[in-house]
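Structure file work_7.pdb (PDB, C-alpha atoms, pLDDT in the B column) follows.
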```pdb
ATOM      1  CA  MET J  65      10.512   5.455   8.678  1.00 53.00           C
ATOM      2  CA  LYS J  66      11.052   1.998   7.160  1.00 54.00           C
ATOM      3  CA  LYS J  67      13.270   1.158  10.166  1.00 55.00           C
ATOM      4  CA  ILE J  68      10.299   1.753  12.455  1.00 56.00           C
ATOM      5  CA  PHE J  69       8.149  -0.645  10.482  1.00 50.00           C
ATOM      6  CA  GLY J  70      10.984  -3.183  10.537  1.00 51.00           C
ATOM      7  CA  TYR J  71      10.900  -2.999  14.324  1.00 49.00           C
ATOM      8  CA  ILE J  72       7.182  -3.650  14.234  1.00 50.00           C
ATOM      9  CA  LEU J  73       7.722  -6.888  12.321  1.00 45.00           C
ATOM     10  CA  LEU J  74      10.605  -7.871  14.582  1.00 46.00           C
ATOM     11  CA  SER J  75       8.553  -7.280  17.718  1.00 49.00           C
ATOM     12  CA  PHE J  76       5.939  -9.780  16.661  1.00 47.00           C
ATOM     13  CA  VAL J  77       8.524 -12.370  15.708  1.00 45.00           C
ATOM     14  CA  LEU J  78       9.993 -12.215  19.243  1.00 43.00           C
ATOM     15  CA  LEU J  79       6.871 -13.332  21.141  1.00 37.00           C
ATOM     16  CA  MET J  80       7.487 -15.289  24.373  1.00 35.00           C
ATOM     17  CA  LEU J  81       5.579 -18.261  25.782  1.00 34.00           C
ATOM     18  CA  VAL J  82       3.774 -17.463  29.054  1.00 36.00           C
ATOM     19  CA  ALA J  83       0.419 -18.869  30.103  1.00 37.00           C
ATOM     20  CA  CYS J  84      -1.948 -18.107  32.965  1.00 43.00           C
ATOM     21  CA  GLY J  85      -5.680 -18.768  32.567  1.00 64.00           C
ATOM     22  CA  LYS J  86      -5.642 -18.096  28.826  1.00 86.00           C
ATOM     23  CA  PRO J  87      -4.407 -20.177  25.943  1.00 90.00           C
ATOM     24  CA  SER J  88      -0.625 -19.856  25.843  1.00 92.00           C
ATOM     25  CA  SER J  89      -0.684 -18.466  22.294  1.00 93.00           C
ATOM     26  CA  GLN J  90      -3.047 -15.666  23.358  1.00 93.00           C
ATOM     27  CA  LYS J  91      -0.820 -14.760  26.289  1.00 93.00           C
ATOM     28  CA  ALA J  92       2.206 -14.742  23.975  1.00 92.00           C
ATOM     29  CA  PHE J  93       0.366 -12.498  21.503  1.00 91.00           C
ATOM     30  CA  GLU J  94      -0.647 -10.061  24.246  1.00 92.00           C
ATOM     31  CA  ASP J  95       2.899  -9.949  25.618  1.00 90.00           C
ATOM     32  CA  GLY J  96       4.229  -9.365  22.102  1.00 88.00           C
ATOM     33  CA  PHE J  97       1.878  -6.447  21.571  1.00 86.00           C
ATOM     34  CA  LYS J  98       3.074  -4.892  24.848  1.00 87.00           C
ATOM     35  CA  GLU J  99       6.675  -5.492  23.776  1.00 86.00           C
ATOM     36  CA  PHE J 100       5.919  -3.807  20.452  1.00 82.00           C
ATOM     37  CA  ASN J 101       4.740  -0.682  22.285  1.00 79.00           C
ATOM     38  CA  SER J 102       7.852  -0.785  24.477  1.00 81.00           C
ATOM     39  CA  VAL J 103      10.076  -0.941  21.393  1.00 81.00           C
ATOM     40  CA  LEU J 104       8.245   2.033  19.885  1.00 78.00           C
ATOM     41  CA  THR J 105       8.598   3.981  23.132  1.00 76.00           C
ATOM     42  CA  GLU J 106      12.326   3.300  23.131  1.00 82.00           C
ATOM     43  CA  LYS J 107      12.726   4.256  19.447  1.00 77.00           C
ATOM     44  CA  ILE J 108      10.950   7.558  20.018  1.00 74.00           C
ATOM     45  CA  LYS J 109      13.867   8.741  22.144  1.00 79.00           C
ATOM     46  CA  SER J 110      16.335   8.770  19.249  1.00 82.00           C
ATOM     47  CA  ALA J 111      13.985   9.560  16.350  1.00 82.00           C
ATOM     48  CA  ASP J 112      13.709  12.845  14.492  1.00 86.00           C
ATOM     49  CA  GLU J 113      10.580  14.910  15.191  1.00 88.00           C
ATOM     50  CA  ARG J 114       8.636  13.709  12.128  1.00 85.00           C
ATOM     51  CA  SER J 115       9.325  10.062  12.966  1.00 85.00           C
ATOM     52  CA  LYS J 116       8.391  10.664  16.604  1.00 88.00           C
ATOM     53  CA  LYS J 117       4.944  11.817  15.538  1.00 90.00           C
ATOM     54  CA  MET J 118       4.453   8.750  13.328  1.00 87.00           C
ATOM     55  CA  ILE J 119       5.579   6.492  16.190  1.00 88.00           C
ATOM     56  CA  GLU J 120       3.113   8.198  18.527  1.00 90.00           C
ATOM     57  CA  ILE J 121       0.289   7.597  16.054  1.00 92.00           C
ATOM     58  CA  ILE J 122       1.219   3.943  15.503  1.00 90.00           C
ATOM     59  CA  SER J 123       1.603   3.301  19.232  1.00 90.00           C
ATOM     60  CA  LYS J 124      -2.050   4.254  19.801  1.00 92.00           C
ATOM     61  CA  ALA J 125      -3.121   0.941  18.232  1.00 93.00           C
ATOM     62  CA  THR J 126      -5.000  -1.407  20.543  1.00 94.00           C
ATOM     63  CA  PHE J 127      -6.379  -4.901  20.113  1.00 95.00           C
ATOM     64  CA  GLU J 128      -9.028  -7.282  21.355  1.00 96.00           C
ATOM     65  CA  VAL J 129      -8.718 -11.039  21.031  1.00 96.00           C
ATOM     66  CA  ASN J 130     -12.107 -12.316  19.883  1.00 97.00           C
ATOM     67  CA  LYS J 131     -11.421 -16.033  19.560  1.00 96.00           C
ATOM     68  CA  VAL J 132      -8.548 -18.471  19.999  1.00 96.00           C
ATOM     69  CA  GLU J 133      -8.304 -21.921  18.421  1.00 96.00           C
ATOM     70  CA  GLU J 134      -5.192 -23.605  19.754  1.00 95.00           C
ATOM     71  CA  LYS J 135      -4.443 -27.155  18.616  1.00 94.00           C
ATOM     72  CA  GLY J 136      -1.106 -28.644  19.507  1.00 90.00           C
ATOM     73  CA  GLY J 137       1.649 -26.481  18.091  1.00 94.00           C
ATOM     74  CA  ASN J 138      -0.636 -24.311  15.960  1.00 96.00           C
ATOM     75  CA  SER J 139      -2.974 -21.508  16.916  1.00 96.00           C
ATOM     76  CA  LYS J 140      -5.352 -19.171  15.159  1.00 97.00           C
ATOM     77  CA  LEU J 141      -6.348 -15.956  16.926  1.00 96.00           C
ATOM     78  CA  ASN J 142      -9.132 -13.783  15.616  1.00 97.00           C
ATOM     79  CA  VAL J 143      -8.121 -10.274  16.695  1.00 97.00           C
ATOM     80  CA  THR J 144      -9.691  -6.848  16.191  1.00 97.00           C
ATOM     81  CA  VAL J 145      -7.088  -4.100  15.908  1.00 96.00           C
ATOM     82  CA  LYS J 146      -8.165  -0.513  16.476  1.00 97.00           C
ATOM     83  CA  ALA J 147      -5.741   2.042  15.043  1.00 95.00           C
ATOM     84  CA  ILE J 148      -5.736   5.654  13.924  1.00 95.00           C
ATOM     85  CA  ASN J 149      -6.778   5.766  10.269  1.00 95.00           C
ATOM     86  CA  LEU J 150      -3.242   6.534   9.175  1.00 92.00           C
ATOM     87  CA  GLY J 151      -4.046   5.772   5.546  1.00 90.00           C
ATOM     88  CA  LYS J 152      -6.556   8.628   5.470  1.00 92.00           C
ATOM     89  CA  TYR J 153      -4.286  11.077   7.269  1.00 93.00           C
ATOM     90  CA  VAL J 154      -1.228  10.247   5.155  1.00 91.00           C
ATOM     91  CA  ASN J 155      -3.274  10.799   1.994  1.00 91.00           C
ATOM     92  CA  GLU J 156      -4.510  14.156   3.317  1.00 94.00           C
ATOM     93  CA  TYR J 157      -0.957  15.077   4.347  1.00 93.00           C
ATOM     94  CA  THR J 158       0.419  14.167   0.911  1.00 91.00           C
ATOM     95  CA  ALA J 159      -2.230  16.294  -0.807  1.00 94.00           C
ATOM     96  CA  ALA J 160      -1.471  19.235   1.530  1.00 94.00           C
ATOM     97  CA  VAL J 161       2.282  18.908   0.892  1.00 93.00           C
ATOM     98  CA  LYS J 162       1.775  18.851  -2.896  1.00 93.00           C
ATOM     99  CA  GLU J 163      -0.502  21.882  -2.695  1.00 93.00           C
ATOM    100  CA  LYS J 164       1.936  23.841  -0.540  1.00 91.00           C
ATOM    101  CA  TYR J 165       5.299  22.746  -2.009  1.00 90.00           C
ATOM    102  CA  GLY J 166       4.591  21.055  -5.332  1.00 88.00           C
ATOM    103  CA  GLU J 167       6.034  17.683  -6.304  1.00 88.00           C
ATOM    104  CA  ASN J 168       9.541  18.425  -4.986  1.00 88.00           C
ATOM    105  CA  ILE J 169      10.346  20.294  -1.790  1.00 88.00           C
ATOM    106  CA  PRO J 170      12.929  22.966  -2.566  1.00 87.00           C
ATOM    107  CA  ALA J 171      16.126  22.778  -0.496  1.00 89.00           C
ATOM    108  CA  ASP J 172      15.534  26.243   0.939  1.00 92.00           C
ATOM    109  CA  LYS J 173      12.093  25.116   2.189  1.00 90.00           C
ATOM    110  CA  GLN J 174      13.254  21.927   3.947  1.00 91.00           C
ATOM    111  CA  GLU J 175      13.126  23.362   7.463  1.00 92.00           C
ATOM    112  CA  GLU J 176       9.674  24.827   6.812  1.00 93.00           C
ATOM    113  CA  PHE J 177       8.551  21.469   5.394  1.00 92.00           C
ATOM    114  CA  ASN J 178       9.821  19.633   8.492  1.00 92.00           C
ATOM    115  CA  LYS J 179       7.875  22.002  10.747  1.00 94.00           C
ATOM    116  CA  PHE J 180       4.783  21.616   8.554  1.00 95.00           C
ATOM    117  CA  SER J 181       5.047  17.814   8.842  1.00 93.00           C
ATOM    118  CA  VAL J 182       5.487  17.836  12.615  1.00 94.00           C
ATOM    119  CA  ASP J 183       2.600  20.276  13.030  1.00 96.00           C
ATOM    120  CA  TYR J 184       0.325  18.236  10.769  1.00 96.00           C
ATOM    121  CA  PHE J 185       0.859  14.959  12.601  1.00 95.00           C
ATOM    122  CA  SER J 186       0.787  16.685  16.016  1.00 96.00           C
ATOM    123  CA  ASN J 187      -2.677  17.935  15.100  1.00 96.00           C
ATOM    124  CA  VAL J 188      -3.722  14.388  14.195  1.00 95.00           C
ATOM    125  CA  ILE J 189      -2.481  13.072  17.546  1.00 94.00           C
ATOM    126  CA  ASN J 190      -4.158  15.853  19.519  1.00 95.00           C
ATOM    127  CA  ASP J 191      -7.470  15.787  17.626  1.00 95.00           C
ATOM    128  CA  LYS J 192     -10.164  14.592  20.045  1.00 95.00           C
ATOM    129  CA  ASN J 193     -12.192  13.439  17.043  1.00 96.00           C
ATOM    130  CA  VAL J 194      -9.357  11.572  15.321  1.00 96.00           C
ATOM    131  CA  GLU J 195     -10.704   8.827  13.087  1.00 96.00           C
ATOM    132  CA  TYR J 196      -9.934   5.242  14.020  1.00 96.00           C
ATOM    133  CA  ILE J 197     -10.269   2.166  11.877  1.00 95.00           C
ATOM    134  CA  GLU J 198     -11.005  -1.328  13.195  1.00 96.00           C
ATOM    135  CA  THR J 199      -9.628  -4.294  11.312  1.00 95.00           C
ATOM    136  CA  GLU J 200     -10.332  -7.938  12.030  1.00 96.00           C
ATOM    137  CA  VAL J 201      -7.222 -10.073  11.587  1.00 95.00           C
ATOM    138  CA  ASN J 202      -6.729 -13.827  11.727  1.00 96.00           C
ATOM    139  CA  VAL J 203      -3.317 -14.239  13.318  1.00 95.00           C
ATOM    140  CA  GLN J 204      -1.621 -17.571  12.693  1.00 95.00           C
ATOM    141  CA  MET J 205       0.863 -18.686  15.333  1.00 95.00           C
ATOM    142  CA  GLN J 206       3.162 -21.647  15.608  1.00 95.00           C
ATOM    143  CA  LYS J 207       4.807 -23.010  18.735  1.00 95.00           C
ATOM    144  CA  MET J 208       8.592 -23.108  18.427  1.00 94.00           C
ATOM    145  CA  GLU J 209      11.283 -24.174  20.892  1.00 93.00           C
ATOM    146  CA  ASP J 210      11.523 -20.625  22.227  1.00 91.00           C
ATOM    147  CA  GLY J 211       7.786 -19.871  22.291  1.00 92.00           C
ATOM    148  CA  TRP J 212       4.910 -18.914  20.045  1.00 94.00           C
ATOM    149  CA  LYS J 213       5.700 -17.053  16.812  1.00 93.00           C
ATOM    150  CA  ILE J 214       3.387 -15.248  14.429  1.00 92.00           C
ATOM    151  CA  THR J 215       3.661 -16.828  10.995  1.00 92.00           C
ATOM    152  CA  ASN J 216       1.648 -14.213   9.071  1.00 90.00           C
ATOM    153  CA  PRO J 217       2.731 -10.816  10.482  1.00 88.00           C
ATOM    154  CA  ASN J 218       1.970  -8.660   7.421  1.00 86.00           C
ATOM    155  CA  GLU J 219      -1.817  -8.575   7.917  1.00 88.00           C
ATOM    156  CA  LEU J 220      -1.372  -7.671  11.586  1.00 89.00           C
ATOM    157  CA  VAL J 221       1.185  -4.957  10.817  1.00 87.00           C
ATOM    158  CA  SER J 222      -1.132  -3.614   8.130  1.00 88.00           C
ATOM    159  CA  ALA J 223      -3.939  -3.322  10.697  1.00 91.00           C
ATOM    160  CA  ILE J 224      -1.649  -1.599  13.216  1.00 91.00           C
ATOM    161  CA  LEU J 225      -0.696   0.916  10.515  1.00 88.00           C
ATOM    162  CA  GLY J 226      -4.349   1.864  10.122  1.00 89.00           C
ATOM    163  CA  GLY J 227      -4.625   1.444   6.376  1.00 81.00           C
ATOM    164  CA  ALA J 228      -1.183   2.844   5.550  1.00 79.00           C
ATOM    165  CA  ALA J 229       0.533  -0.516   4.913  1.00 72.00           C
ATOM    166  CA  SER J 230       1.051   0.331   1.245  1.00 68.00           C
ATOM    167  CA  LEU J 231       3.666   2.861   2.420  1.00 64.00           C
ATOM    168  CA  ILE J 232       6.024  -0.020   3.135  1.00 56.00           C
ATOM    169  CA  GLY J 233       4.842  -2.375   0.416  1.00 58.00           C
ATOM    170  CA  LEU J 234       2.606  -4.662   2.486  1.00 53.00           C
ATOM    171  CA  GLN J 235      -0.384  -4.320   0.177  1.00 53.00           C
TER     172      GLN J 235
END
```
Translate this file's structure into structure tokens.
Amino acid sequence: MKKIFGYILLSFVLLMLVACGKPSSQKAFEDGFKEFNSVLTEKIKSADERSKKMIEIISKATFEVNKVEEKGGNSKLNVTVKAINLGKYVNEYTAAVKEKYGENIPADKQEEFNKFSVDYFSNVINDKNVEYIETEVNVQMQKMEDGWKITNPNELVSAILGGAASLIGLQ
């Protein structure tokens, strides 16, 4: 699962410069977010079932750019990210796993555990009343030779993960 989150960080580092009616940094951010979803869609093809469900949840994140302050080679975007409250659901999942299997999943229960995990996160994805969390993020960008780059990706990634950033050590 840490590979997936590595791809998230990488996606935002690879933003391209394209402008059309919006500040160029905003356009680059929007293109990067689309690229991020494309990377996730591609990774889903080769992932195991548990990871596929996590990727599906993460890929439901959306954003709205509230304000852009672009000055020369620096830009600050105030962005609201709306994501499934993954922090809540991971905590509930962890509690359910501990209740059902204890602290350590026995080897003879691994297949059952995998099915339990897939079913749990499938239910989250399919829940019409799934809880979302909105996080306001100030994204700092800097113009480089090859386009705009996000200089503070951790806060953005944390928002996309819907409160579950501590899983990969971002908080």
*Residues around (-9.5, -13.9, 20.2), cut-off 6 Å, counting all atoms listed in the file - what are they as a list in words?*
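Selection result: Val129, Asn130, Lys131, Val132, Leu141, Asn142 and Val143 of chain J.
Between atom CA of Glu198 of chain J and atom CA of Ser181 of chain J there is a distance of 25.4 Å.
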*Work out how far atom CA of Pro217 of chain J is from atom CA of Ile122 of chain J, in Å to one decimal.*
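Those two atoms sit 15.7 Å apart.
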*asked:* One number please: atom CA of Lys192 of chain J to atom CA of Lys117 of chain J, in Å, one decimal.
replied: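 So the answer is 16.0 Å.
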*Who sits within 9 Å of Ala147 of chain J, all atoms listed in the file, same chain under 2 positions skipped, as a PyMOL selection string*: chain J and resi 121-127+145+149-150+195-199+223-227
Expected file: the selected residues, C-alpha atoms, as a PDB file, in the coordinates of the input:
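As a result, again-v4.pdb now contains:
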```pdb
ATOM      1  CA  ILE J 121       0.289   7.597  16.054  1.00 92.00           C
ATOM      2  CA  ILE J 122       1.219   3.943  15.503  1.00 90.00           C
ATOM      3  CA  SER J 123       1.603   3.301  19.232  1.00 90.00           C
ATOM      4  CA  LYS J 124      -2.050   4.254  19.801  1.00 92.00           C
ATOM      5  CA  ALA J 125      -3.121   0.941  18.232  1.00 93.00           C
ATOM      6  CA  THR J 126      -5.000  -1.407  20.543  1.00 94.00           C
ATOM      7  CA  PHE J 127      -6.379  -4.901  20.113  1.00 95.00           C
ATOM      8  CA  VAL J 145      -7.088  -4.100  15.908  1.00 96.00           C
ATOM      9  CA  ASN J 149      -6.778   5.766  10.269  1.00 95.00           C
ATOM     10  CA  LEU J 150      -3.242   6.534   9.175  1.00 92.00           C
ATOM     11  CA  GLU J 195     -10.704   8.827  13.087  1.00 96.00           C
ATOM     12  CA  TYR J 196      -9.934   5.242  14.020  1.00 96.00           C
ATOM     13  CA  ILE J 197     -10.269   2.166  11.877  1.00 95.00           C
ATOM     14  CA  GLU J 198     -11.005  -1.328  13.195  1.00 96.00           C
ATOM     15  CA  THR J 199      -9.628  -4.294  11.312  1.00 95.00           C
ATOM     16  CA  ALA J 223      -3.939  -3.322  10.697  1.00 91.00           C
ATOM     17  CA  ILE J 224      -1.649  -1.599  13.216  1.00 91.00           C
ATOM     18  CA  LEU J 225      -0.696   0.916  10.515  1.00 88.00           C
ATOM     19  CA  GLY J 226      -4.349   1.864  10.122  1.00 89.00           C
ATOM     20  CA  GLY J 227      -4.625   1.444   6.376  1.00 81.00           C
TER      21      GLY J 227
END
```
*Have a look at J:Val203, J:Ala159, J:Ala228, J:Met208 and name the one nearest to Lys140 of chain J; count all atoms listed in the file.*
J:Val203
*Identify which of the residues J:Val161, J:Ile148, J:Val154, J:Ala229 lies closest to Asn190 of chain J, counting only C-alpha atoms when measuring atom-to-atom distances.*
J:Ile148
*Starting from the displayed file, determine the output of the PyMOL selection byres ((chain J and resi 105-116) around 8) and express the residue list as a ChimeraX atom specification.*
/J:65,68,101-104,117-120,178,181-182,185
I would like the residues chosen by the PyMOL selection byres ((chain J and resi 139) around 12) on the shown file; could you give them as a PDB file with C-alpha atoms, in the coordinates of the input?
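New file part.pdb:
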```
ATOM      1  CA  PRO J  87      -4.407 -20.177  25.943  1.00 90.00           C
ATOM      2  CA  SER J  88      -0.625 -19.856  25.843  1.00 92.00           C
ATOM      3  CA  SER J  89      -0.684 -18.466  22.294  1.00 93.00           C
ATOM      4  CA  GLN J  90      -3.047 -15.666  23.358  1.00 93.00           C
ATOM      5  CA  LYS J  91      -0.820 -14.760  26.289  1.00 93.00           C
ATOM      6  CA  ALA J  92       2.206 -14.742  23.975  1.00 92.00           C
ATOM      7  CA  PHE J  93       0.366 -12.498  21.503  1.00 91.00           C
ATOM      8  CA  LYS J 131     -11.421 -16.033  19.560  1.00 96.00           C
ATOM      9  CA  VAL J 132      -8.548 -18.471  19.999  1.00 96.00           C
ATOM     10  CA  GLU J 133      -8.304 -21.921  18.421  1.00 96.00           C
ATOM     11  CA  GLU J 134      -5.192 -23.605  19.754  1.00 95.00           C
ATOM     12  CA  LYS J 135      -4.443 -27.155  18.616  1.00 94.00           C
ATOM     13  CA  GLY J 136      -1.106 -28.644  19.507  1.00 90.00           C
ATOM     14  CA  GLY J 137       1.649 -26.481  18.091  1.00 94.00           C
ATOM     15  CA  ASN J 138      -0.636 -24.311  15.960  1.00 96.00           C
ATOM     16  CA  LYS J 140      -5.352 -19.171  15.159  1.00 97.00           C
ATOM     17  CA  LEU J 141      -6.348 -15.956  16.926  1.00 96.00           C
ATOM     18  CA  ASN J 142      -9.132 -13.783  15.616  1.00 97.00           C
ATOM     19  CA  ASN J 202      -6.729 -13.827  11.727  1.00 96.00           C
ATOM     20  CA  VAL J 203      -3.317 -14.239  13.318  1.00 95.00           C
ATOM     21  CA  GLN J 204      -1.621 -17.571  12.693  1.00 95.00           C
ATOM     22  CA  MET J 205       0.863 -18.686  15.333  1.00 95.00           C
ATOM     23  CA  GLN J 206       3.162 -21.647  15.608  1.00 95.00           C
ATOM     24  CA  LYS J 207       4.807 -23.010  18.735  1.00 95.00           C
ATOM     25  CA  MET J 208       8.592 -23.108  18.427  1.00 94.00           C
ATOM     26  CA  TRP J 212       4.910 -18.914  20.045  1.00 94.00           C
ATOM     27  CA  LYS J 213       5.700 -17.053  16.812  1.00 93.00           C
ATOM     28  CA  ILE J 214       3.387 -15.248  14.429  1.00 92.00           C
ATOM     29  CA  THR J 215       3.661 -16.828  10.995  1.00 92.00           C
ATOM     30  CA  ASN J 216       1.648 -14.213   9.071  1.00 90.00           C
TER      31      ASN J 216
END
```
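Take the candidates J:Asp95, J:Val188, J:Leu220, J:Pro170 and check each one against Lys152 of chain J using only C-alpha atoms; the shortest distance goes to J:Val188.
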